[in-house]
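Peer 1: TSV, C-alpha atoms and all ligand atoms, saved as run-v4.tsv, coming up:
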```
chain	number	residue	atom	x	y	z
X	491	MET	CA	1.91	-202.38	-54.68
X	492	THR	CA	0.18	-205.59	-55.71
X	493	ASP	CA	0.25	-205.00	-59.49
X	494	SER	CA	3.80	-204.87	-60.83
X	495	ASN	CA	2.49	-203.39	-64.12
X	496	LEU	CA	2.01	-200.15	-62.20
X	497	LYS	CA	5.70	-199.82	-61.27
X	498	ARG	CA	6.67	-197.94	-64.45
X	499	ILE	CA	3.67	-195.59	-64.08
X	500	TYR	CA	4.49	-195.04	-60.40
X	501	ASP	CA	8.01	-193.92	-61.35
X	502	LYS	CA	6.66	-191.57	-64.03
X	503	VAL	CA	4.14	-190.00	-61.62
X	504	MET	CA	6.79	-189.45	-58.95
X	505	ALA	CA	9.11	-187.92	-61.59
X	506	GLY	CA	6.30	-185.61	-62.79
X	507	GLU	CA	6.20	-187.13	-66.27
X	508	ARG	CA	3.10	-187.06	-68.45
X	509	LEU	CA	1.24	-190.38	-68.75
X	510	SER	CA	0.52	-191.92	-72.16
X	511	PHE	CA	-2.57	-193.59	-73.67
X	512	GLU	CA	-1.02	-196.99	-72.86
X	513	ASP	CA	-0.48	-195.92	-69.24
X	514	GLY	CA	-4.16	-194.97	-69.08
X	515	MET	CA	-5.13	-198.44	-70.33
X	516	THR	CA	-2.81	-200.09	-67.78
X	517	LEU	CA	-4.48	-198.10	-65.02
X	518	PHE	CA	-8.00	-199.09	-66.10
X	519	ASN	CA	-6.89	-202.74	-66.39
X	520	SER	CA	-5.41	-202.82	-62.91
X	521	ASN	CA	-7.22	-203.89	-59.75
X	522	ASP	CA	-4.58	-202.34	-57.50
X	523	VAL	CA	-6.91	-199.53	-56.50
X	524	LEU	CA	-4.85	-198.46	-53.51
X	525	THR	CA	-1.70	-197.85	-55.56
X	526	ILE	CA	-3.72	-195.96	-58.19
X	527	GLY	CA	-5.22	-193.90	-55.36
X	528	GLU	CA	-1.83	-193.27	-53.76
X	529	MET	CA	-0.44	-191.91	-57.03
X	530	ALA	CA	-3.50	-189.70	-57.58
X	531	HIS	CA	-3.30	-188.44	-54.00
X	532	HIS	CA	0.35	-187.52	-54.56
X	533	ILE	CA	-0.67	-185.27	-57.50
X	534	ARG	CA	-3.63	-183.88	-55.58
X	535	VAL	CA	-1.38	-182.83	-52.70
X	536	GLN	CA	1.13	-181.29	-55.12
X	537	LYS	CA	-1.60	-179.21	-56.74
X	538	ASN	CA	-3.90	-178.36	-53.85
X	539	GLY	CA	-2.35	-179.59	-50.62
X	540	LEU	CA	-5.09	-180.80	-48.30
X	541	LYS	CA	-7.50	-178.06	-49.35
X	542	THR	CA	-10.90	-179.34	-50.39
X	543	PHE	CA	-13.21	-176.90	-52.09
X	544	TYR	CA	-16.96	-176.56	-51.72
X	545	THR	CA	-19.33	-173.86	-52.83
X	546	LEU	CA	-22.74	-172.49	-51.93
X	547	ASN	CA	-24.76	-172.79	-55.10
X	548	GLN	CA	-28.24	-173.19	-56.50
X	549	HIS	CA	-29.42	-175.20	-59.50
X	550	ILE	CA	-32.18	-173.99	-61.81
X	551	ASN	CA	-33.40	-176.17	-64.70
X	552	PRO	CA	-35.78	-173.84	-66.54
X	553	THR	CA	-37.26	-176.50	-68.86
X	554	ASN	CA	-37.12	-180.29	-69.10
X	555	ILE	CA	-38.70	-180.36	-72.56
X	556	CYS	CA	-36.10	-181.61	-75.02
X	557	ARG	CA	-36.05	-182.40	-78.71
X	558	ASN	CA	-33.26	-184.97	-78.24
X	559	ASP	CA	-33.78	-188.56	-77.08
X	560	CYS	CA	-30.63	-189.49	-75.15
X	561	LEU	CA	-31.06	-193.02	-73.85
X	562	PHE	CA	-29.25	-192.30	-70.57
X	563	CYS	CA	-31.41	-189.32	-69.58
X	564	ALA	CA	-34.28	-189.56	-67.08
X	565	PHE	CA	-34.77	-185.80	-66.93
X	566	TYR	CA	-36.26	-184.92	-70.31
X	567	ARG	CA	-39.89	-185.05	-71.40
X	568	LYS	CA	-41.68	-184.31	-74.64
X	569	ASP	CA	-44.01	-181.31	-74.77
X	570	GLY	CA	-47.41	-182.26	-73.33
X	571	GLN	CA	-46.11	-185.47	-71.73
X	572	GLU	CA	-46.78	-186.04	-68.04
X	573	GLY	CA	-44.09	-184.37	-65.94
X	574	ALA	CA	-43.05	-181.91	-68.67
X	575	TYR	CA	-42.50	-178.39	-67.41
X	576	ARG	CA	-41.34	-175.04	-68.67
X	577	MET	CA	-40.75	-172.22	-66.18
X	578	SER	CA	-41.91	-168.72	-66.98
X	579	LEU	CA	-39.31	-165.99	-66.54
X	580	GLU	CA	-41.33	-164.94	-63.50
X	581	THR	CA	-40.89	-168.41	-61.98
X	582	VAL	CA	-37.13	-168.21	-62.61
X	583	ARG	CA	-37.13	-164.82	-60.84
X	584	GLN	CA	-39.05	-166.34	-57.89
X	585	LYS	CA	-36.58	-169.26	-57.64
X	586	VAL	CA	-33.72	-166.80	-57.24
X	587	LEU	CA	-35.69	-164.60	-54.85
X	588	GLU	CA	-36.59	-167.62	-52.66
X	589	ARG	CA	-32.91	-167.97	-51.72
X	590	ILE	CA	-31.88	-164.36	-51.78
X	591	GLU	CA	-31.02	-164.36	-48.06
X	592	GLU	CA	-28.56	-167.27	-48.48
X	593	PRO	CA	-24.91	-166.46	-49.28
X	594	ILE	CA	-25.00	-168.28	-52.64
X	595	THR	CA	-22.12	-167.38	-54.98
X	596	GLU	CA	-23.03	-169.45	-58.02
X	597	ILE	CA	-26.23	-170.35	-59.90
X	598	HIS	CA	-26.02	-173.38	-62.20
X	599	ILE	CA	-28.52	-173.27	-65.09
X	600	VAL	CA	-29.07	-176.07	-67.62
X	601	GLY	CA	-32.16	-177.49	-69.28
X	602	GLY	CA	-33.63	-179.17	-72.34
X	603	LEU	CA	-33.52	-178.16	-76.00
X	604	ASP	CA	-37.04	-176.79	-75.99
X	605	ASP	CA	-38.44	-175.96	-79.44
X	606	GLY	CA	-41.43	-174.31	-77.76
X	607	LEU	CA	-39.31	-171.49	-76.33
X	608	PRO	CA	-37.88	-168.59	-78.32
X	609	TYR	CA	-34.12	-167.99	-78.53
X	610	GLU	CA	-34.59	-164.86	-76.43
X	611	TYR	CA	-35.96	-166.89	-73.51
X	612	TYR	CA	-32.58	-168.60	-72.99
X	613	ILE	CA	-30.91	-165.18	-72.99
X	614	ASP	CA	-33.56	-163.58	-70.76
X	615	VAL	CA	-33.23	-166.30	-68.11
X	616	LEU	CA	-29.70	-165.03	-67.46
X	617	ARG	CA	-30.83	-161.40	-67.52
X	618	VAL	CA	-33.52	-162.11	-64.91
X	619	VAL	CA	-31.09	-163.96	-62.64
X	620	LYS	CA	-28.56	-161.11	-62.85
X	621	GLU	CA	-31.27	-158.52	-62.19
X	622	VAL	CA	-32.25	-160.22	-58.96
X	623	ARG	CA	-28.71	-161.24	-57.89
X	624	PRO	CA	-26.17	-159.03	-59.69
X	625	ASN	CA	-23.14	-160.44	-57.89
X	626	VAL	CA	-23.80	-164.12	-58.41
X	627	ASN	CA	-21.69	-166.13	-60.88
X	628	ILE	CA	-23.93	-167.57	-63.57
X	629	LYS	CA	-22.67	-170.97	-64.75
X	630	ALA	CA	-25.03	-171.74	-67.59
X	631	TYR	CA	-25.70	-173.89	-70.62
X	632	THR	CA	-23.70	-176.81	-71.88
X	633	ALA	CA	-22.06	-176.82	-75.29
X	634	VAL	CA	-25.09	-178.83	-76.46
X	635	GLU	CA	-27.36	-175.90	-75.63
X	636	ILE	CA	-24.98	-173.42	-77.29
X	637	ALA	CA	-25.01	-175.45	-80.53
X	638	TYR	CA	-28.82	-175.69	-80.32
X	639	LEU	CA	-29.21	-171.94	-79.80
X	640	ALA	CA	-26.92	-171.28	-82.77
X	641	GLU	CA	-29.03	-173.56	-84.93
X	642	ARG	CA	-32.28	-171.96	-83.78
X	643	SER	CA	-31.10	-168.39	-84.33
X	644	GLY	CA	-28.91	-168.86	-87.39
X	645	LYS	CA	-26.07	-167.24	-85.42
X	646	SER	CA	-22.55	-168.58	-85.00
X	647	TRP	CA	-21.48	-170.28	-81.74
X	648	ALA	CA	-19.39	-167.20	-80.99
X	649	ALA	CA	-22.32	-164.83	-81.54
X	650	VAL	CA	-24.53	-166.90	-79.21
X	651	LEU	CA	-21.84	-166.74	-76.54
X	652	ASP	CA	-21.64	-162.96	-77.04
X	653	ASP	CA	-25.40	-162.64	-76.47
X	654	LEU	CA	-25.14	-164.76	-73.34
X	655	LEU	CA	-22.14	-162.81	-72.07
X	656	GLU	CA	-24.03	-159.59	-72.51
X	657	ALA	CA	-26.93	-161.04	-70.50
X	658	GLY	CA	-24.67	-162.05	-67.60
X	659	LEU	CA	-23.03	-165.42	-68.37
X	660	ASN	CA	-19.83	-165.97	-66.36
X	661	THR	CA	-18.82	-169.63	-66.67
X	662	MET	CA	-20.11	-172.80	-68.36
X	663	PRO	CA	-20.77	-176.28	-66.92
X	664	GLY	CA	-19.10	-179.36	-68.34
X	665	GLY	CA	-22.15	-181.40	-69.30
X	666	GLY	CA	-23.02	-182.85	-72.68
X	667	ALA	CA	-19.57	-184.31	-73.32
X	668	GLU	CA	-20.72	-187.85	-72.41
X	669	VAL	CA	-17.98	-190.05	-73.94
X	670	PHE	CA	-16.04	-188.82	-76.95
X	671	SER	CA	-16.80	-191.91	-79.03
X	672	GLU	CA	-18.73	-192.12	-82.30
X	673	ARG	CA	-19.73	-195.71	-81.42
X	674	VAL	CA	-21.35	-194.69	-78.10
X	675	LYS	CA	-22.86	-191.57	-79.64
X	676	ARG	CA	-24.60	-193.62	-82.36
X	677	LYS	CA	-26.10	-195.92	-79.71
X	678	LEU	CA	-27.00	-193.50	-76.90
X	679	PHE	CA	-27.12	-189.90	-78.00
X	680	MET	CA	-27.49	-189.86	-81.75
X	681	ASP	CA	-28.75	-186.28	-82.10
X	682	LYS	CA	-26.08	-184.60	-80.01
X	683	LEU	CA	-23.13	-182.61	-81.26
X	684	SER	CA	-19.86	-184.43	-81.99
X	685	ALA	CA	-16.82	-184.57	-79.71
X	686	ASP	CA	-14.95	-182.14	-81.97
X	687	GLU	CA	-17.85	-179.69	-81.83
X	688	TRP	CA	-18.09	-179.95	-78.03
X	689	ILE	CA	-14.37	-179.20	-77.72
X	690	GLU	CA	-14.50	-176.38	-80.27
X	691	ILE	CA	-17.36	-174.61	-78.44
X	692	HIS	CA	-15.41	-174.77	-75.18
X	693	LYS	CA	-12.32	-173.38	-76.91
X	694	ILE	CA	-14.31	-170.46	-78.34
X	695	ALA	CA	-15.69	-169.81	-74.84
X	696	HIS	CA	-12.14	-169.86	-73.46
X	697	GLN	CA	-11.01	-167.33	-76.08
X	698	LYS	CA	-13.78	-165.04	-74.81
X	699	GLY	CA	-12.56	-165.44	-71.23
X	700	ILE	CA	-15.39	-167.79	-70.21
X	701	ARG	CA	-13.93	-170.53	-68.00
X	702	THR	CA	-15.65	-173.90	-68.37
X	703	ASN	CA	-15.77	-177.37	-66.84
X	704	ALA	CA	-15.49	-180.77	-68.49
X	705	THR	CA	-17.21	-184.08	-67.76
X	706	MET	CA	-17.25	-187.72	-68.82
X	707	LEU	CA	-20.24	-190.02	-68.33
X	708	TYR	CA	-19.13	-193.52	-67.26
X	709	GLY	CA	-20.71	-196.75	-66.11
X	710	HIS	CA	-22.83	-197.59	-69.18
X	711	ILE	CA	-21.63	-199.20	-72.45
X	712	GLU	CA	-18.37	-197.31	-72.84
X	713	LYS	CA	-15.01	-199.09	-73.24
X	714	ASP	CA	-11.84	-198.27	-71.35
X	715	GLU	CA	-10.05	-197.15	-74.51
X	716	GLU	CA	-12.86	-194.69	-75.22
X	717	LYS	CA	-12.45	-193.18	-71.76
X	718	VAL	CA	-8.67	-192.90	-72.05
X	719	ASP	CA	-9.12	-191.28	-75.47
X	720	HIS	CA	-11.69	-188.87	-73.95
X	721	LEU	CA	-9.32	-187.82	-71.18
X	722	ILE	CA	-6.37	-187.39	-73.52
X	723	ARG	CA	-8.44	-185.26	-75.92
X	724	LEU	CA	-9.47	-183.03	-73.01
X	725	ARG	CA	-5.83	-182.78	-71.91
X	726	LYS	CA	-4.83	-181.70	-75.43
X	727	ALA	CA	-7.62	-179.08	-75.52
X	728	GLN	CA	-6.48	-177.78	-72.13
X	729	ASP	CA	-2.87	-177.55	-73.41
X	730	GLU	CA	-4.18	-175.42	-76.26
X	731	SER	CA	-6.59	-173.10	-74.44
X	732	GLY	CA	-6.04	-173.46	-70.68
X	733	GLY	CA	-9.65	-172.48	-69.98
X	734	PHE	CA	-10.93	-175.54	-68.15
X	735	LEU	CA	-11.44	-175.08	-64.43
X	736	THR	CA	-12.32	-178.56	-63.27
X	737	PHE	CA	-13.12	-182.06	-64.47
X	738	LEU	CA	-15.96	-184.21	-63.12
X	739	PRO	CA	-16.36	-187.89	-63.99
X	740	LEU	CA	-20.15	-188.45	-63.95
X	741	LEU	CA	-21.46	-191.78	-62.73
X	742	PHE	CA	-24.36	-193.06	-64.86
X	743	HIS	CA	-27.59	-193.56	-62.89
X	744	PRO	CA	-29.77	-196.04	-64.82
X	745	GLU	CA	-33.11	-195.75	-62.99
X	746	ASN	CA	-36.02	-194.32	-65.03
X	747	THR	CA	-33.94	-194.36	-68.22
X	748	ARG	CA	-34.19	-196.65	-71.23
X	749	MET	CA	-31.02	-198.34	-69.95
X	750	ALA	CA	-32.58	-199.16	-66.58
X	751	ARG	CA	-31.44	-202.80	-66.82
X	752	LEU	CA	-27.76	-201.89	-66.62
X	753	PRO	CA	-26.18	-202.31	-63.18
X	754	MET	CA	-24.71	-199.21	-61.60
X	755	ALA	CA	-20.92	-198.93	-61.31
X	756	THR	CA	-19.55	-199.82	-57.88
X	757	GLY	CA	-17.75	-197.60	-55.37
X	758	VAL	CA	-14.38	-199.04	-56.42
X	759	GLU	CA	-15.13	-198.10	-60.03
X	760	ASP	CA	-16.01	-194.57	-58.91
X	761	LEU	CA	-12.71	-194.23	-57.06
X	762	LYS	CA	-10.76	-195.54	-60.06
X	763	HIS	CA	-12.41	-193.00	-62.36
X	764	ILE	CA	-11.60	-190.14	-60.00
X	765	ALA	CA	-7.98	-191.29	-59.56
X	766	ILE	CA	-7.29	-192.04	-63.24
X	767	SER	CA	-8.75	-188.65	-64.20
X	768	ARG	CA	-6.42	-186.98	-61.68
X	769	LEU	CA	-3.44	-188.88	-63.13
X	770	LEU	CA	-4.13	-188.32	-66.84
X	771	LEU	CA	-5.40	-184.72	-66.64
X	772	ASP	CA	-2.11	-183.29	-65.40
X	773	ASN	CA	-3.03	-179.81	-66.68
X	774	PHE	CA	-6.37	-179.55	-64.85
X	775	ASP	CA	-6.10	-177.85	-61.46
X	776	HIS	CA	-9.18	-179.50	-60.00
X	777	ILE	CA	-11.04	-182.82	-60.01
X	778	LYS	CA	-14.55	-182.76	-58.63
X	779	ALA	CA	-16.20	-185.61	-56.74
X	780	TYR	CA	-19.81	-184.50	-57.18
X	781	TRP	CA	-21.44	-185.66	-53.92
X	782	VAL	CA	-24.96	-185.59	-55.40
X	783	MET	CA	-23.97	-188.27	-57.86
X	784	LEU	CA	-21.50	-190.34	-55.83
X	785	GLY	CA	-23.27	-190.12	-52.50
X	786	LYS	CA	-21.60	-188.60	-49.46
X	787	ASP	CA	-19.66	-191.75	-48.43
X	788	VAL	CA	-17.88	-192.31	-51.75
X	789	ALA	CA	-17.34	-188.54	-52.17
X	790	GLN	CA	-15.49	-188.52	-48.84
X	791	ILE	CA	-13.18	-191.39	-49.84
X	792	ALA	CA	-12.68	-189.79	-53.28
X	793	LEU	CA	-10.85	-186.96	-51.50
X	794	SER	CA	-8.01	-189.41	-50.83
X	795	PHE	CA	-8.12	-190.63	-54.46
X	796	GLY	CA	-7.34	-187.35	-56.22
X	797	ALA	CA	-10.47	-185.23	-55.85
X	798	ASP	CA	-10.15	-181.78	-54.27
X	799	ASP	CA	-13.70	-180.46	-54.76
X	800	ILE	CA	-17.10	-181.84	-53.76
X	801	ASP	CA	-19.26	-179.20	-55.48
X	802	GLY	CA	-21.78	-177.53	-53.25
X	803	SER	CA	-24.98	-177.00	-51.36
X	804	VAL	CA	-26.78	-177.58	-54.72
X	805	VAL	CA	-30.50	-177.24	-53.78
X	806	GLU	CA	-33.17	-178.80	-56.01
X	807	GLU	CA	-31.01	-181.08	-58.14
X	808	ARG	CA	-33.20	-182.78	-60.78
X	809	ILE	CA	-31.06	-184.57	-63.39
X	810	TYR	CA	-29.71	-187.20	-60.98
X	811	HIS	CA	-32.69	-187.42	-58.70
X	812	MET	CA	-34.99	-188.22	-61.63
X	813	ALA	CA	-32.50	-190.99	-62.49
X	814	GLY	CA	-32.73	-192.49	-59.01
X	815	ALA	CA	-29.96	-190.74	-57.02
X	816	ARG	CA	-30.58	-191.43	-53.33
X	817	SER	CA	-28.55	-188.53	-51.96
X	818	SER	CA	-30.38	-185.63	-50.35
X	819	GLN	CA	-31.20	-182.59	-52.46
X	820	MET	CA	-29.03	-180.15	-50.54
X	821	MET	CA	-26.32	-179.73	-47.91
X	822	THR	CA	-25.70	-176.80	-45.62
X	823	ARG	CA	-22.33	-175.11	-45.19
X	824	SER	CA	-21.73	-176.85	-41.87
X	825	GLN	CA	-22.59	-180.27	-43.35
X	826	LEU	CA	-20.18	-179.67	-46.26
X	827	LYS	CA	-17.41	-178.55	-43.89
X	828	LYS	CA	-17.96	-181.54	-41.62
X	829	LEU	CA	-17.93	-183.97	-44.55
X	830	ILE	CA	-14.53	-182.63	-45.60
X	831	SER	CA	-12.83	-182.16	-42.22
X	832	GLU	CA	-13.98	-185.58	-40.97
X	833	CYS	CA	-11.51	-187.19	-43.38
X	834	GLY	CA	-8.59	-184.95	-42.52
X	835	PHE	CA	-8.90	-182.34	-45.26
X	836	VAL	CA	-9.18	-178.58	-44.97
X	837	PRO	CA	-12.52	-177.18	-46.16
X	838	VAL	CA	-12.26	-174.08	-48.33
X	839	GLU	CA	-15.41	-172.30	-49.41
X	840	ARG	CA	-14.83	-171.16	-52.99
X	841	ASN	CA	-16.46	-169.04	-55.63
X	842	ALA	CA	-16.81	-170.19	-59.23
X	843	LEU	CA	-13.17	-169.35	-60.01
X	844	TYR	CA	-11.78	-171.25	-57.01
X	845	GLN	CA	-11.02	-168.10	-55.05
X	846	SER	CA	-11.54	-168.58	-51.36
X	847	VAL	CA	-14.75	-166.91	-50.19
X	848	ASN	CA	-15.76	-166.57	-46.61
X	849	THR	CA	-19.44	-165.79	-46.90
X	850	GLU	CA	-19.72	-166.05	-43.12
X	851	THR	CA	-17.77	-162.78	-42.87
X	852	GLU	CA	-17.90	-161.70	-46.53
X	853	ILE	CA	-14.09	-161.58	-46.79
X	854	ILE	CA	-12.74	-162.68	-50.15
X	855	ASP	CA	-9.14	-163.51	-50.90
X	856	GLN	CA	-7.06	-165.45	-53.38
X	857	VAL	CA	-6.22	-169.03	-52.40
X	901	LIG	O1	-24.47	-184.08	-69.72
X	901	LIG	C1	-27.76	-187.15	-67.65
X	901	LIG	C2	-25.36	-186.42	-67.24
X	901	LIG	C3	-24.91	-184.21	-67.35
X	901	LIG	C4	-27.83	-188.90	-66.45
X	901	LIG	O2	-19.92	-178.46	-64.58
X	901	LIG	C5	-26.57	-188.31	-66.34
X	901	LIG	O3	-19.93	-178.14	-62.43
X	901	LIG	C6	-25.92	-189.93	-64.91
X	901	LIG	O4	-22.87	-181.92	-66.45
X	901	LIG	N1	-27.10	-190.58	-64.98
X	901	LIG	C7	-25.41	-182.88	-66.84
X	901	LIG	N2	-25.63	-188.82	-65.56
X	901	LIG	C8	-24.88	-182.59	-65.42
X	901	LIG	C9	-23.53	-181.92	-65.46
X	901	LIG	C10	-23.01	-181.23	-64.25
X	901	LIG	C11	-23.57	-181.47	-63.00
X	901	LIG	C12	-23.05	-180.81	-61.90
X	901	LIG	C13	-22.01	-179.92	-62.02
X	901	LIG	C14	-21.48	-179.67	-63.28
X	901	LIG	C15	-20.38	-178.70	-63.45
X	901	LIG	C16	-21.97	-180.34	-64.41
X	901	LIG	O5	-25.48	-185.22	-66.55
X	901	LIG	C17	-25.28	-184.62	-68.74
X	901	LIG	C18	-25.09	-186.10	-68.67
X	901	LIG	O6	-23.74	-186.43	-68.93
X	901	LIG	N3	-26.58	-187.25	-67.09
X	901	LIG	N4	-28.55	-188.17	-67.27
X	901	LIG	C19	-28.08	-190.11	-65.74
X	901	LIG	N5	-29.22	-190.77	-65.82
```
The structure given in the file should be rewritten as structure tokens.
Peer 2:
Amino acid sequence: MTDSNLKRIYDKVMAGERLSFEDGMTLFNSNDVLTIGEMAHHIRVQKNGLKTFYTLNQHINPTNICRNDCLFCAFYRKDGQEGAYRMSLETVRQKVLERIEEPITEIHIVGGLDDGLPYEYYIDVLRVVKEVRPNVNIKAYTAVEIAYLAERSGKSWAAVLDDLLEAGLNTMPGGGAEVFSERVKRKLFMDKLSADEWIEIHKIAHQKGIRTNATMLYGHIEKDEEKVDHLIRLRKAQDESGGFLTFLPLLFHPENTRMARLPMATGVEDLKHIAISRLLLDNFDHIKAYWVMLGKDVAQIALSFGADDIDGSVVEERIYHMAGARSSQMMTRSQLKKLISECGFVPVERNALYQSVNTETEIIDQV
């Protein structure tokens, strides 16, 4: 240990005590990355041993037309602008059919807030996917999209979720949380729902049995205290509802955004965010190092800094690649397994609920 300020936190972690807001600030202020990583790894091993989860999944972004103007987003376009697209339901069907021979267990669906599409389109997208692939887990729509659909239809958040459930929704992704800070919201994502609303929508989903993920966007103009506050608010929500599956810190990619002049966070920063998340979110079972965003090298090291999941095969990722991500657009099962086992961890292919799935032999069991 090179930072003696970490001693007290080290003792708390080893004793299984919950860390405070001040502890979170001490961790962000420390440059002793190896000690932070060691503590996070201790918790990771307690929760998941050396297992590292990956999944075979597919991403579909049905529309990139969005009424919002989030400064950090390189994905959205305005209707009629070059690069704007809106998939027909038939195109969505074809996207699923294209990969029907692959043992995909989860389809991830998110898109823009597209005023040119009817409410029913968002529902029918799920129906079409389930028609073509009845057994796949549909992980669809962020809380931002749920709030938008409620506004468009005049329905409550709960009623929108009921419509989506009926059409085949299984789980929800963690996007749209950004940083729970009014200051950052006013500067970067004015039109989006508030932190309280984001949390409330996830809690309603949890009450309905929909498990969800949570995220935090870092590496832009956010302050450490805003990130610690974000993590502690998520921890409180998880204490109350228990419905979060995993947490992913999302590294901001500046290219092609209106914040393109900002430098990108470094690998050390990435590792600190993974490890501090693991340490503060003591009631989350999983921390995901999303390889698409971190790159394969940092994702591998993140496995020794608290992460136990690297997401999946992905296929056709757009949000990060439009913002300059250099990683490839997909990985095969053998590449994912190699990435994990190369650093001494045990690869476990999972479904959306973190049950072990062996799609090579189609045997499913509980981890
Ligand atoms: O909410 C947008 C972020 C999120 C950029 O739940 C950007 O398993 C960096 O949440 N640079 C959407 N980040 C993606 C997301 C996600 C991805 C994969 C898996 C899961 C999951 C969730 O991406 C947005 C926003 O925070 N984002 N633009 C950008 N330029």
Peer 1: Taking all atoms listed in the file into account, which of X:Thr492, X:Ser846, X:Thr736, X:Ser520 comes nearest ligand LIG 901 (chain X)?
Peer 2: X:Thr736
Peer 1: At what distance in Å, to one decimal, does atom CA of X:Gly573 lie from atom C8 of ligand LIG 901 (chain X)?
Peer 2: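 Computing it gives 19.3 Å between the two atoms.
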Peer 1: Given the choices X:Asp775, X:Asp760, X:Asp605, X:Glu807, which gets closest to X:Val788 if the distance is worked out from all atoms listed in the file?
Peer 2: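 Closest to X:Val788 of all the choices is X:Asp760.
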Peer 1: Atom CA of X:Ile555 to atom CA of X:His811: how many Å, to one decimal?
Peer 2: 16.7 Å
Peer 1: Tell me which protein, DNA and RNA residues are within 10 Å of X:Ile809, counting all atoms listed in the file, leaving out same-chain ones fewer than 4 positions away, and put them as a list in words.
Peer 2: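 Skipping anything fewer than 4 positions along the chain leaves Asn551, Asn554, Cys563, Ala564, Phe565, Tyr566, Val600, Gly601, His743, Met783, Ala813, Gly814 and Ala815 of chain X.
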Peer 1: Please provide as a list in words all residues within 9 Å of X:Val669, with the sequence filter that same-chain residues fewer than 4 positions apart are discarded (counting all atoms listed in the file).
Peer 2: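 That gives Val674, Lys675, Ala685, Thr705, Met706, Leu707, Tyr708, Glu712, Glu716, Lys717 and His720 of chain X.
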Peer 1: Dump as JSON lines the rows for residues of stretch 763-850 of chain X within 12 Å of stretch 585-589 of chain X: closest atom pair and distance in Å with one decimal, all atoms listed in the file counted, ordered by chain and rising residue number.
Peer 2:
```
{"residue": "X:Val804", "atom": "CA", "partner": "X:Arg589", "partner_atom": "CA", "distance": 11.8}
{"residue": "X:Val805", "atom": "CA", "partner": "X:Arg589", "partner_atom": "CA", "distance": 9.8}
{"residue": "X:Glu806", "atom": "CA", "partner": "X:Lys585", "partner_atom": "CA", "distance": 10.3}
```
Peer 1: With distances taken over only C-alpha atoms and all ligand atoms, which residue among X:Ala637, X:Ile830, X:Cys560, X:Leu654 lies nearest ligand LIG 901 (chain X)?
Peer 2: X:Cys560
Peer 1: For each of X:Lys497, X:Leu769, X:Glu850, X:Arg751, take the minimum atom-to-atom distance to X:Glu592, counting all atoms listed in the file, then give the residue where this is smallest.
Peer 2: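 With all atoms listed in the file as the atom set, the closest residue is X:Glu850.
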Peer 1: Could you give me, as a PDB file with C-alpha atoms, in the coordinates of the input, the residues within 7 Å of X:Arg768, counting only C-alpha atoms and dropping anything in the same chain fewer than 3 positions from it?
Peer 2:
```
ATOM      1  CA  ALA X 530      -3.500-189.700 -57.580  1.00  0.00           C
ATOM      2  CA  ILE X 764     -11.600-190.140 -60.000  1.00  0.00           C
ATOM      3  CA  ALA X 765      -7.980-191.290 -59.560  1.00  0.00           C
ATOM      4  CA  LEU X 771      -5.400-184.720 -66.640  1.00  0.00           C
ATOM      5  CA  ASP X 772      -2.110-183.290 -65.400  1.00  0.00           C
ATOM      6  CA  ILE X 777     -11.040-182.820 -60.010  1.00  0.00           C
ATOM      7  CA  GLY X 796      -7.340-187.350 -56.220  1.00  0.00           C
TER       8      GLY X 796
END
```
Peer 1: Using only the atoms of ligand LIG 901 (chain X) listed in the file, plus 8 Å on each side, state the axis-aligned box centre and edge lengths in Å rounded to one decimal, as JSON.
Peer 2:
```
{"center_x": -24.6, "center_y": -184.5, "center_z": -65.8, "size_x": 25.3, "size_y": 28.6, "size_z": 23.8}
```
Peer 1: So the first atom is atom CA of X:Ser824 and the second is atom CA of X:Gln548; what is the distance between them in Å, to one decimal place?
Peer 2: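 Going from atom CA of X:Ser824 over to atom CA of X:Gln548 covers 16.4 Å.
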Peer 1: Would you mind listing what lies within 9 Å of X:Leu752 as an mmCIF file with C-alpha atoms, in the coordinates of the input, with only C-alpha atoms counted and same-chain residues fewer than 5 positions away left out?
Peer 2:
```cif
data_model
loop_
_atom_site.group_PDB
_atom_site.id
_atom_site.type_symbol
_atom_site.label_atom_id
_atom_site.label_comp_id
_atom_site.auth_asym_id
_atom_site.auth_seq_id
_atom_site.Cartn_x
_atom_site.Cartn_y
_atom_site.Cartn_z
ATOM 1 C CA GLY X 709 -20.710 -196.750 -66.110
ATOM 2 C CA HIS X 710 -22.830 -197.590 -69.180
ATOM 3 C CA ILE X 711 -21.630 -199.200 -72.450
ATOM 4 C CA PRO X 744 -29.770 -196.040 -64.820
ATOM 5 C CA GLU X 745 -33.110 -195.750 -62.990
#
```
